file final_38.pdb (PDB, C-alpha atoms and all ligand atoms)
MODEL        1
ATOM      1  CA  MET P 124     137.081 157.586  88.892
ATOM      2  CA  ILE P 125     138.483 159.100  92.103
ATOM      3  CA  LEU P 126     140.759 157.078  94.401
ATOM      4  CA  ILE P 127     140.420 158.044  98.069
ATOM      5  CA  THR P 128     143.351 157.160 100.282
ATOM      6  CA  GLY P 129     143.111 157.507 104.064
ATOM      7  CA  ALA P 130     139.470 156.506 103.591
ATOM      8  CA  THR P 131     139.104 155.388 107.209
ATOM      9  CA  GLY P 132     140.788 158.543 108.506
ATOM     10  CA  ASN P 133     139.405 161.857 109.759
ATOM     11  CA  ILE P 134     139.192 163.517 106.352
ATOM     12  CA  GLY P 135     138.782 160.567 103.976
ATOM     13  CA  ARG P 136     135.746 159.262 105.824
ATOM     14  CA  GLU P 137     134.046 162.675 105.497
ATOM     15  CA  LEU P 138     134.984 162.955 101.824
ATOM     16  CA  ILE P 139     133.319 159.683 100.794
ATOM     17  CA  PRO P 140     129.678 160.821 101.296
ATOM     18  CA  LEU P 141     130.358 164.187  99.659
ATOM     19  CA  LEU P 142     131.666 162.577  96.484
ATOM     20  CA  LEU P 143     128.890 159.963  96.431
ATOM     21  CA  LYS P 144     126.300 162.736  96.804
ATOM     22  CA  GLY P 145     127.876 164.465  93.809
ATOM     23  CA  GLY P 146     127.451 161.288  91.740
ATOM     24  CA  GLU P 147     131.193 160.583  91.421
ATOM     25  CA  SER P 148     132.500 157.055  91.028
ATOM     26  CA  ILE P 149     134.952 156.387  93.776
ATOM     27  CA  ARG P 150     137.342 153.686  94.862
ATOM     28  CA  ILE P 151     138.875 153.532  98.303
ATOM     29  CA  LEU P 152     142.372 152.287  99.075
ATOM     30  CA  ILE P 153     142.225 150.385 102.335
ATOM     31  CA  ARG P 154     144.468 148.062 104.299
ATOM     32  CA  ASP P 155     141.735 146.139 106.059
ATOM     33  CA  GLU P 156     138.395 145.483 104.367
ATOM     34  CA  LYS P 157     136.717 144.773 107.704
ATOM     35  CA  LYS P 158     137.128 148.432 108.669
ATOM     36  CA  VAL P 159     134.865 149.542 105.822
ATOM     37  CA  ALA P 160     132.254 146.780 106.075
ATOM     38  CA  HIS P 161     129.685 149.430 107.081
ATOM     39  CA  LEU P 162     130.113 151.411 103.853
ATOM     40  CA  ASP P 163     127.856 151.194 100.793
ATOM     41  CA  PRO P 164     128.785 147.941  98.991
ATOM     42  CA  MET P 165     128.685 149.854  95.691
ATOM     43  CA  ILE P 166     131.892 151.690  96.669
ATOM     44  CA  GLU P 167     134.827 149.961  95.018
ATOM     45  CA  ARG P 168     137.475 148.723  97.438
ATOM     46  CA  SER P 169     141.121 148.090  96.675
ATOM     47  CA  VAL P 170     143.255 146.506  99.361
ATOM     48  CA  GLY P 171     146.665 148.127  99.311
ATOM     49  CA  ASP P 172     149.401 149.876 101.199
ATOM     50  CA  TRP P 173     151.430 152.990 100.341
ATOM     51  CA  ASN P 174     154.521 151.048 101.357
ATOM     52  CA  GLU P 175     153.882 148.294  98.803
ATOM     53  CA  PRO P 176     154.111 149.715  95.281
ATOM     54  CA  LYS P 177     152.707 146.606  93.625
ATOM     55  CA  THR P 178     149.398 147.097  95.460
ATOM     56  CA  LEU P 179     149.055 150.656  94.140
ATOM     57  CA  LEU P 180     148.875 149.842  90.424
ATOM     58  CA  PRO P 181     145.591 147.877  90.618
ATOM     59  CA  ALA P 182     144.196 150.521  93.001
ATOM     60  CA  MET P 183     144.814 153.201  90.360
ATOM     61  CA  ARG P 184     143.436 151.358  87.342
ATOM     62  CA  ASP P 185     140.947 153.679  85.533
ATOM     63  CA  VAL P 186     141.549 156.366  88.147
ATOM     64  CA  ASP P 187     142.098 159.940  86.978
ATOM     65  CA  ARG P 188     142.092 161.774  90.341
ATOM     66  CA  ILE P 189     143.492 160.898  93.766
ATOM     67  CA  PHE P 190     142.825 162.246  97.249
ATOM     68  CA  LEU P 191     146.163 161.629  98.908
ATOM     69  CA  VAL P 192     146.865 161.128 102.597
ATOM     70  CA  THR P 193     150.355 159.861 103.380
ATOM     71  CA  TYR P 194     152.878 160.050 106.195
ATOM     72  CA  GLU P 195     156.326 159.530 104.708
ATOM     73  CA  THR P 196     158.213 160.671 101.625
ATOM     74  CA  HIS P 197     158.800 157.193 100.211
ATOM     75  CA  GLN P 198     155.013 156.660 100.266
ATOM     76  CA  ASP P 199     154.469 159.736  98.093
ATOM     77  CA  ILE P 200     157.188 158.511  95.755
ATOM     78  CA  ASN P 201     155.400 155.155  95.445
ATOM     79  CA  VAL P 202     152.077 156.882  94.777
ATOM     80  CA  ILE P 203     153.540 159.289  92.188
ATOM     81  CA  GLU P 204     155.264 156.437  90.323
ATOM     82  CA  ALA P 205     152.087 154.356  90.189
ATOM     83  CA  ALA P 206     150.009 157.425  89.255
ATOM     84  CA  LYS P 207     152.268 158.230  86.316
ATOM     85  CA  ARG P 208     152.174 154.634  85.091
ATOM     86  CA  THR P 209     148.393 154.348  85.267
ATOM     87  CA  GLY P 210     147.462 157.686  83.703
ATOM     88  CA  VAL P 211     146.260 159.530  86.794
ATOM     89  CA  ARG P 212     145.799 163.220  85.996
ATOM     90  CA  GLN P 213     145.439 164.994  89.354
ATOM     91  CA  ILE P 214     146.504 164.630  92.986
ATOM     92  CA  VAL P 215     144.775 166.519  95.795
ATOM     93  CA  LYS P 216     147.169 166.176  98.710
ATOM     94  CA  LEU P 217     146.346 166.579 102.375
ATOM     95  CA  SER P 218     149.312 168.585 103.639
ATOM     96  CA  THR P 219     149.579 170.838 106.698
ATOM     97  CA  LEU P 220     149.471 174.543 107.554
ATOM     98  CA  GLU P 221     153.062 174.195 108.805
ATOM     99  CA  ALA P 222     154.160 173.532 105.205
ATOM    100  CA  THR P 223     153.510 177.238 104.504
ATOM    101  CA  ALA P 224     156.499 178.469 106.460
ATOM    102  CA  HIS P 225     158.203 175.048 106.474
ATOM    103  CA  LYS P 226     160.304 176.242 109.410
ATOM    104  CA  ILE P 227     159.573 173.293 111.654
ATOM    105  CA  GLN P 228     160.120 169.643 110.811
ATOM    106  CA  VAL P 229     156.485 168.578 110.310
ATOM    107  CA  GLY P 230     156.120 171.430 107.812
ATOM    108  CA  LYS P 231     159.386 170.524 106.103
ATOM    109  CA  TRP P 232     158.276 166.910 105.694
ATOM    110  CA  HIS P 233     155.005 167.880 104.031
ATOM    111  CA  TYR P 234     156.642 170.638 101.966
ATOM    112  CA  GLU P 235     159.245 168.210 100.639
ATOM    113  CA  ARG P 236     156.445 165.866  99.562
ATOM    114  CA  GLU P 237     154.522 168.731  97.930
ATOM    115  CA  GLU P 238     157.668 169.545  95.951
ATOM    116  CA  LEU P 239     157.863 165.960  94.686
ATOM    117  CA  ILE P 240     154.277 166.154  93.480
ATOM    118  CA  CYS P 241     154.939 169.540  91.801
ATOM    119  CA  ALA P 242     157.884 168.007  89.973
ATOM    120  CA  SER P 243     155.890 164.954  88.871
ATOM    121  CA  GLY P 244     154.107 166.716  86.007
ATOM    122  CA  LEU P 245     150.713 165.735  87.440
ATOM    123  CA  ASP P 246     148.091 168.375  88.217
ATOM    124  CA  TRP P 247     148.016 169.110  91.920
ATOM    125  CA  THR P 248     146.119 170.914  94.641
ATOM    126  CA  PHE P 249     147.540 171.136  98.154
ATOM    127  CA  LEU P 250     145.291 171.388 101.205
ATOM    128  CA  ARG P 251     147.160 172.822 104.178
ATOM    129  CA  PRO P 252     144.900 172.580 107.213
ATOM    130  CA  GLY P 253     145.662 173.640 110.738
ATOM    131  CA  MET P 254     144.723 171.576 113.775
ATOM    132  CA  PHE P 255     141.705 169.317 113.196
ATOM    133  CA  MET P 256     138.830 169.693 115.674
ATOM    134  CA  SER P 257     138.780 165.891 115.855
ATOM    135  CA  ASN P 258     142.179 165.932 117.611
ATOM    136  CA  SER P 259     140.263 166.882 120.729
ATOM    137  CA  ILE P 260     138.680 163.423 120.714
ATOM    138  CA  GLU P 261     141.902 161.583 119.863
ATOM    139  CA  TRP P 262     143.965 163.470 122.444
ATOM    140  CA  TRP P 263     141.567 164.318 125.255
ATOM    141  CA  ALA P 264     138.354 162.235 125.280
ATOM    142  CA  GLU P 265     139.816 159.421 127.371
ATOM    143  CA  SER P 266     141.100 161.624 130.202
ATOM    144  CA  ILE P 267     137.952 163.761 130.104
ATOM    145  CA  LYS P 268     135.876 160.622 130.605
ATOM    146  CA  GLY P 269     138.220 159.069 133.180
ATOM    147  CA  GLN P 270     139.588 162.010 135.151
ATOM    148  CA  GLY P 271     137.566 165.035 134.124
ATOM    149  CA  SER P 272     140.846 166.575 132.976
ATOM    150  CA  VAL P 273     142.880 167.353 129.891
ATOM    151  CA  PHE P 274     146.626 166.789 130.262
ATOM    152  CA  PHE P 275     148.352 168.573 127.393
ATOM    153  CA  PRO P 276     151.554 170.611 127.006
ATOM    154  CA  GLY P 277     149.785 173.319 125.009
ATOM    155  CA  GLY P 278     150.802 176.246 127.228
ATOM    156  CA  LYS P 279     148.523 179.037 128.365
ATOM    157  CA  LYS P 280     148.901 181.598 125.576
ATOM    158  CA  GLY P 281     149.411 179.710 122.304
ATOM    159  CA  ARG P 282     146.366 179.839 120.021
ATOM    160  CA  VAL P 283     145.034 177.763 117.133
ATOM    161  CA  ALA P 284     141.974 178.001 114.907
ATOM    162  CA  PRO P 285     140.817 174.357 114.875
ATOM    163  CA  VAL P 286     139.146 173.322 111.631
ATOM    164  CA  ASP P 287     136.196 170.973 111.170
ATOM    165  CA  PRO P 288     137.328 167.864 109.205
ATOM    166  CA  ARG P 289     134.109 168.154 107.196
ATOM    167  CA  ASP P 290     135.217 171.576 105.941
ATOM    168  CA  ILE P 291     138.551 170.143 104.816
ATOM    169  CA  ALA P 292     136.674 167.322 103.077
ATOM    170  CA  SER P 293     134.391 169.877 101.380
ATOM    171  CA  VAL P 294     137.385 171.764 100.016
ATOM    172  CA  ALA P 295     138.863 168.453  98.835
ATOM    173  CA  ALA P 296     135.584 167.591  97.104
ATOM    174  CA  CYS P 297     135.604 170.954  95.290
ATOM    175  CA  ALA P 298     139.229 170.519  94.238
ATOM    176  CA  LEU P 299     138.543 167.012  92.935
ATOM    177  CA  THR P 300     135.345 167.750  91.042
ATOM    178  CA  GLN P 301     135.406 171.370  89.885
ATOM    179  CA  PRO P 302     137.667 173.179  87.446
ATOM    180  CA  GLY P 303     140.028 175.926  88.576
ATOM    181  CA  HIS P 304     141.790 174.297  91.527
ATOM    182  CA  SER P 305     144.846 172.949  89.770
ATOM    183  CA  GLY P 306     148.111 174.499  90.993
ATOM    184  CA  LYS P 307     146.394 176.001  94.054
ATOM    185  CA  THR P 308     147.506 175.760  97.675
ATOM    186  CA  TYR P 309     144.759 176.197 100.248
ATOM    187  CA  GLU P 310     145.494 177.135 103.856
ATOM    188  CA  LEU P 311     142.514 175.907 105.841
ATOM    189  CA  THR P 312     141.583 176.924 109.368
ATOM    190  CA  GLY P 313     138.476 177.209 111.449
ATOM    191  CA  PRO P 314     136.877 180.628 112.016
ATOM    192  CA  GLU P 315     138.041 181.311 115.602
ATOM    193  CA  LEU P 316     141.311 181.379 117.513
ATOM    194  CA  PHE P 317     141.460 179.624 120.868
ATOM    195  CA  THR P 318     144.051 178.795 123.463
ATOM    196  CA  ILE P 319     144.013 175.130 124.479
ATOM    197  CA  GLY P 320     142.442 176.197 127.779
ATOM    198  CA  GLU P 321     139.625 177.927 125.868
ATOM    199  CA  MET P 322     139.030 174.791 123.758
ATOM    200  CA  VAL P 323     138.778 172.733 126.941
ATOM    201  CA  HIS P 324     136.376 175.320 128.374
ATOM    202  CA  ILE P 325     134.115 174.928 125.315
ATOM    203  CA  ILE P 326     134.073 171.138 125.662
ATOM    204  CA  ALA P 327     133.202 171.575 129.351
ATOM    205  CA  LYS P 328     130.389 174.000 128.481
ATOM    206  CA  VAL P 329     128.926 171.578 125.949
ATOM    207  CA  LEU P 330     129.196 168.646 128.385
ATOM    208  CA  GLY P 331     127.799 170.737 131.218
ATOM    209  CA  LYS P 332     130.517 169.654 133.651
ATOM    210  CA  PRO P 333     133.855 171.123 134.753
ATOM    211  CA  ILE P 334     137.025 169.920 133.025
ATOM    212  CA  GLN P 335     140.476 170.875 134.320
ATOM    213  CA  TYR P 336     143.118 171.845 131.756
ATOM    214  CA  ARG P 337     146.514 170.765 133.062
ATOM    215  CA  ASP P 338     149.324 172.303 131.043
ATOM    216  CA  ILE P 339     151.901 169.558 131.561
ATOM    217  CA  PRO P 340     155.620 170.292 131.070
ATOM    218  CA  PRO P 341     156.715 169.461 127.490
ATOM    219  CA  ILE P 342     159.464 167.165 128.791
ATOM    220  CA  ALA P 343     156.836 164.983 130.500
ATOM    221  CA  ALA P 344     154.978 164.644 127.188
ATOM    222  CA  LYS P 345     158.223 163.811 125.396
ATOM    223  CA  LEU P 346     159.111 161.052 127.864
ATOM    224  CA  PHE P 347     155.562 159.667 127.649
ATOM    225  CA  MET P 348     155.676 159.517 123.826
ATOM    226  CA  LEU P 349     159.109 157.867 123.841
ATOM    227  CA  ARG P 350     157.925 155.330 126.414
ATOM    228  CA  THR P 351     154.982 154.379 124.178
ATOM    229  CA  GLY P 352     157.532 153.413 121.497
ATOM    230  CA  MET P 353     157.107 156.352 119.106
ATOM    231  CA  ASP P 354     160.073 157.029 116.780
ATOM    232  CA  LYS P 355     162.514 159.593 118.169
ATOM    233  CA  PRO P 356     162.543 161.833 115.045
ATOM    234  CA  LEU P 357     158.732 161.956 115.123
ATOM    235  CA  VAL P 358     158.708 162.740 118.851
ATOM    236  CA  ASN P 359     161.264 165.517 118.305
ATOM    237  CA  ALA P 360     159.158 166.935 115.465
ATOM    238  CA  LEU P 361     156.027 166.896 117.623
ATOM    239  CA  MET P 362     157.912 168.606 120.445
ATOM    240  CA  GLU P 363     159.032 171.296 118.014
ATOM    241  CA  MET P 364     155.407 171.746 116.914
ATOM    242  CA  LEU P 365     154.267 172.063 120.542
ATOM    243  CA  GLY P 366     157.003 174.667 121.133
ATOM    244  CA  SER P 367     155.666 176.621 118.180
ATOM    245  CA  LEU P 368     152.118 176.399 119.561
ATOM    246  CA  ARG P 369     153.270 177.529 123.029
ATOM    247  CA  ARG P 370     155.004 180.555 121.456
ATOM    248  CA  ASP P 371     151.691 181.440 119.717
ATOM    249  CA  GLU P 372     153.177 180.972 116.238
ATOM    250  CA  GLY P 373     150.164 179.051 114.896
ATOM    251  CA  ALA P 374     147.620 181.831 115.497
ATOM    252  CA  ILE P 375     146.412 182.002 111.908
ATOM    253  CA  VAL P 376     142.846 182.356 110.618
ATOM    254  CA  THR P 377     142.022 182.143 106.935
ATOM    255  CA  ASP P 378     138.728 182.456 105.070
ATOM    256  CA  THR P 379     139.749 179.882 102.474
ATOM    257  CA  VAL P 380     137.074 177.329 103.400
ATOM    258  CA  GLN P 381     134.378 179.879 102.611
ATOM    259  CA  GLN P 382     136.200 181.179  99.531
ATOM    260  CA  VAL P 383     136.419 177.680  98.020
ATOM    261  CA  THR P 384     133.161 176.089  99.179
ATOM    262  CA  GLY P 385     130.921 179.147  99.547
ATOM    263  CA  ARG P 386     129.987 177.861 103.011
ATOM    264  CA  VAL P 387     130.718 179.398 106.384
ATOM    265  CA  PRO P 388     133.171 177.085 108.220
ATOM    266  CA  GLY P 389     131.923 175.239 111.277
ATOM    267  CA  THR P 390     132.654 176.483 114.789
ATOM    268  CA  PHE P 391     134.359 174.409 117.476
ATOM    269  CA  GLU P 392     131.350 174.669 119.759
ATOM    270  CA  ALA P 393     128.969 173.374 117.067
ATOM    271  CA  TRP P 394     131.380 170.534 116.281
ATOM    272  CA  CYS P 395     131.581 169.597 119.993
ATOM    273  CA  ARG P 396     127.785 169.529 120.272
ATOM    274  CA  GLU P 397     127.578 167.170 117.285
ATOM    275  CA  HIS P 398     130.301 164.906 118.709
ATOM    276  CA  ILE P 399     129.291 165.047 122.369
ATOM    277  CA  ASP P 400     128.936 161.247 122.604
ATOM    278  CA  ALA P 401     132.665 160.831 122.058
ATOM    279  CA  PHE P 402     133.352 162.690 125.318
ATOM    280  CA  LEU P 403     130.744 160.859 127.445
TER
HETATM  281  N1  LIG D   1     145.450 165.982 112.868
HETATM  282  C1  LIG D   1     145.743 167.212 112.537
HETATM  283  O1  LIG D   1     145.478 168.183 113.277
HETATM  284  C2  LIG D   1     146.420 167.494 111.207
HETATM  285  C3  LIG D   1     146.616 168.832 110.835
HETATM  286  C4  LIG D   1     147.211 169.097 109.594
HETATM  287  C5  LIG D   1     147.586 168.041 108.771
HETATM  288  N2  LIG D   1     147.385 166.749 109.174
HETATM  289  C6  LIG D   1     147.813 165.672 108.265
HETATM  290  O2  LIG D   1     146.680 164.855 107.973
HETATM  291  C7  LIG D   1     147.149 163.551 107.632
HETATM  292  C8  LIG D   1     146.316 162.529 108.379
HETATM  293  O3  LIG D   1     144.980 162.619 107.906
HETATM  294  P1  LIG D   1     143.760 161.983 108.713
HETATM  295  O4  LIG D   1     143.774 162.555 110.104
HETATM  296  O5  LIG D   1     142.562 162.130 107.871
HETATM  297  O6  LIG D   1     144.172 160.475 108.805
HETATM  298  P2  LIG D   1     144.105 159.545 110.075
HETATM  299  O7  LIG D   1     142.781 159.711 110.757
HETATM  300  O8  LIG D   1     145.356 159.726 110.846
HETATM  301  O9  LIG D   1     144.091 158.132 109.394
HETATM  302  C9  LIG D   1     145.185 157.689 108.597
HETATM  303  C10 LIG D   1     144.621 157.030 107.356
HETATM  304  O10 LIG D   1     145.707 156.582 106.550
HETATM  305  C11 LIG D   1     145.578 155.169 106.359
HETATM  306  N3  LIG D   1     146.914 154.582 106.319
HETATM  307  C12 LIG D   1     147.870 154.658 107.266
HETATM  308  N4  LIG D   1     148.985 154.015 106.849
HETATM  309  C13 LIG D   1     148.714 153.523 105.609
HETATM  310  C14 LIG D   1     149.458 152.762 104.668
HETATM  311  N5  LIG D   1     150.729 152.374 104.920
HETATM  312  N6  LIG D   1     148.877 152.445 103.489
HETATM  313  C15 LIG D   1     147.608 152.825 103.225
HETATM  314  N7  LIG D   1     146.831 153.543 104.087
HETATM  315  C16 LIG D   1     147.380 153.879 105.264
HETATM  316  C17 LIG D   1     144.796 154.688 107.551
HETATM  317  O11 LIG D   1     144.216 153.451 107.231
HETATM  318  P3  LIG D   1     143.984 152.280 108.320
HETATM  319  O12 LIG D   1     142.539 152.367 108.661
HETATM  320  O13 LIG D   1     144.349 151.046 107.592
HETATM  321  O14 LIG D   1     144.885 152.555 109.493
HETATM  322  C18 LIG D   1     143.777 155.811 107.690
HETATM  323  O15 LIG D   1     142.752 155.709 106.733
HETATM  324  C19 LIG D   1     148.634 163.499 107.993
HETATM  325  O16 LIG D   1     149.407 163.618 106.809
HETATM  326  C20 LIG D   1     148.818 164.724 108.883
HETATM  327  O17 LIG D   1     150.135 165.246 108.813
HETATM  328  C21 LIG D   1     146.808 166.462 110.364
ENDMDL
END
call {"tool": "encode", "arguments": {"input": "final_38.pdb", "output": "structure tokens"}}
result
Amino acid sequence: MILITGATGNIGRELIPLLLKGGESIRILIRDEKKVAHLDPMIERSVGDWNEPKTLLPAMRDVDRIFLVTYETHQDINVIEAAKRTGVRQIVKLSTLEATAHKIQVGKWHYEREELICASGLDWTFLRPGMFMSNSIEWWAESIKGQGSVFFPGGKKGRVAPVDPRDIASVAACALTQPGHSGKTYELTGPELFTIGEMVHIIAKVLGKPIQYRDIPPIAAKLFMLRTGMDKPLVNALMEMLGSLRRDEGAIVTDTVQQVTGRVPGTFEAWCREHIDAFL
């Protein structure tokens, strides 16, 4: 049995159909059952929270593998403790590409949590993806719809190779169901490097209408995030990540998706065409 955490999130929701197609028995850890009412009723549900250790033990009963999505170190500690007590064998953790150099805070946070899993004695596989293509919906769809613009402090030169969440889910499915992935760290990117302006241009091309990219000053983004009530350490970490993007330090392309899955990774333009409704 495989326990999927983050089952309503960008990667977990793509992983569910892949594992079902492969005939795996799965259970999802969810906080709100209403959010998964649309899913196949045969999928086992366990209501729980990474912050509440007592909810994790029943979620892990009869589970031997976990797909792990967490945000804070104490959550990983809770999961590892429960996993050891219930006989879980393997954790496939969704980490981040920044954990590779672990120079900036978001990378350090994930790296620290990877280290805890390494030390746990459980089998592990770490997935370190770069920027998800789906961020373009979360970050930009509203202002594209409302103002025909993208306001983002991404600079003019910094590049990323956005990765299709379905490719990350495919790698996770391989790691969870095939031998040979234990002890492996996979750096996952899309196939092409783009500046933020070029990503916006692709969305505009797919929509068939102009979209302005407005490279807002980082300080304006910082003040906006603080005003929305986000924690200061998180805001500072995100600002550091944006600085790294603006200095073009995230311009990395790997062929790991293809190496692991045997499939060519999806392009940003193809992903935009398939998700066009989200921008309309
Ligand atoms: N976005 C990127 O570009 C990017 C790049 C590299 C790495 N990452 C990493 O990817 C991870 C996020 O993955 P994602 O985008 O697939 O997730 P997501 O879309 O942000 O969704 C978060 C998931 O976690 C669940 N969740 C949140 N708090 C929880 C709690 N206390 N207990 C149990 N479940 C909880 C949410 O459930 P609810 O439905 O209940 O809210 C949801 O299913 C993060 O660790 C991030 O650092 C992201």
call {"tool": "closest_residue", "arguments": {"input": "final_38.pdb", "among": "P:Gln213, P:Ser148, P:Ser257, P:Gln228", "to": "ligand LIG 1 (chain D)", "atoms": "only C-alpha atoms and all ligand atoms"}}
result
P:Ser257
call {"tool": "resolve_selection", "arguments": {"input": "final_38.pdb", "expression": "the PyMOL selection byres (((chain P and resi 124-127) around 8) and not hetatm)", "output": "PyMOL selection string"}}
result
chain P and resi 128-130+135+139+147-152+182-183+185-191+299
call {"tool": "resolve_selection", "arguments": {"input": "final_38.pdb", "expression": "the PyMOL selection byres (((not hetatm)) within 7 of (chain D and resi 1))", "output": "PyMOL selection string"}}
result
chain P and resi 128-135+152-155+158+171-174+192-194+217-220+251-255+258
call {"tool": "closest_residue", "arguments": {"input": "final_38.pdb", "among": "P:Lys144, P:His197, P:Arg337, P:His225", "to": "Val323 in chain P", "atoms": "only C-alpha atoms"}}
result
P:Arg337
call {"tool": "atom_distance", "arguments": {"input": "final_38.pdb", "atom1": "CA of Gly146 in chain P", "atom2": "CA of Asp163 in chain P"}}
result
13.6 Å
call {"tool": "build_atoms", "arguments": {"input": "final_38.pdb", "residues": "range 347-354 of chain P", "atoms": "all heavy atoms", "output": "CSV table (one decimal), in the frame of the given file"}}
result
chain,number,residue,atom,x,y,z
P,347,PHE,N,156.7,160.5,127.8
P,347,PHE,CA,155.6,159.7,127.6
P,347,PHE,C,155.5,159.1,126.2
P,347,PHE,O,155.4,157.9,126.0
P,347,PHE,CB,154.3,160.4,128.0
P,347,PHE,CG,153.0,159.7,127.7
P,347,PHE,CD1,152.6,158.7,128.6
P,347,PHE,CD2,152.3,159.9,126.5
P,347,PHE,CE1,151.4,158.0,128.3
P,347,PHE,CE2,151.2,159.1,126.2
P,347,PHE,CZ,150.7,158.2,127.1
P,348,MET,N,155.7,160.0,125.2
P,348,MET,CA,155.7,159.5,123.8
P,348,MET,C,156.8,158.5,123.5
P,348,MET,O,156.6,157.5,122.9
P,348,MET,CB,155.8,160.7,122.9
P,348,MET,CG,154.5,161.5,122.8
P,348,MET,SD,154.5,162.7,121.5
P,348,MET,CE,155.3,164.1,122.2
P,349,LEU,N,158.0,158.8,124.1
P,349,LEU,CA,159.1,157.9,123.8
P,349,LEU,C,158.8,156.5,124.5
P,349,LEU,O,159.1,155.5,123.9
P,349,LEU,CB,160.4,158.5,124.4
P,349,LEU,CG,161.0,159.6,123.6
P,349,LEU,CD1,162.2,160.3,124.3
P,349,LEU,CD2,161.4,159.2,122.2
P,350,ARG,N,158.2,156.6,125.7
P,350,ARG,CA,157.9,155.3,126.4
P,350,ARG,C,156.9,154.5,125.7
P,350,ARG,O,156.9,153.3,125.8
P,350,ARG,CB,157.5,155.6,127.8
P,350,ARG,CG,158.5,155.1,128.9
P,350,ARG,CD,158.0,155.3,130.3
P,350,ARG,NE,158.2,156.6,130.8
P,350,ARG,CZ,157.3,157.4,131.3
P,350,ARG,NH1,156.1,157.1,131.3
P,350,ARG,NH2,157.6,158.6,131.7
P,351,THR,N,156.0,155.2,124.9
P,351,THR,CA,155.0,154.4,124.2
P,351,THR,C,155.6,153.8,122.9
P,351,THR,O,154.9,153.1,122.1
P,351,THR,CB,153.7,155.2,123.8
P,351,THR,OG1,154.2,156.3,122.9
P,351,THR,CG2,153.0,155.8,125.0
P,352,GLY,N,156.9,154.1,122.6
P,352,GLY,CA,157.5,153.4,121.5
P,352,GLY,C,157.5,154.2,120.2
P,352,GLY,O,157.9,153.7,119.2
P,353,MET,N,157.1,155.5,120.3
P,353,MET,CA,157.1,156.4,119.1
P,353,MET,C,158.5,156.6,118.7
P,353,MET,O,159.5,156.8,119.5
P,353,MET,CB,156.4,157.7,119.4
P,353,MET,CG,154.9,157.5,119.4
P,353,MET,SD,154.1,159.1,120.0
P,353,MET,CE,154.4,160.2,118.7
P,354,ASP,N,158.7,156.7,117.3
P,354,ASP,CA,160.1,157.0,116.8
P,354,ASP,C,160.6,158.3,117.3
P,354,ASP,O,159.9,159.3,117.4
P,354,ASP,CB,160.0,157.2,115.2
P,354,ASP,CG,159.9,155.8,114.6
P,354,ASP,OD1,160.1,154.8,115.3
P,354,ASP,OD2,159.5,155.8,113.4
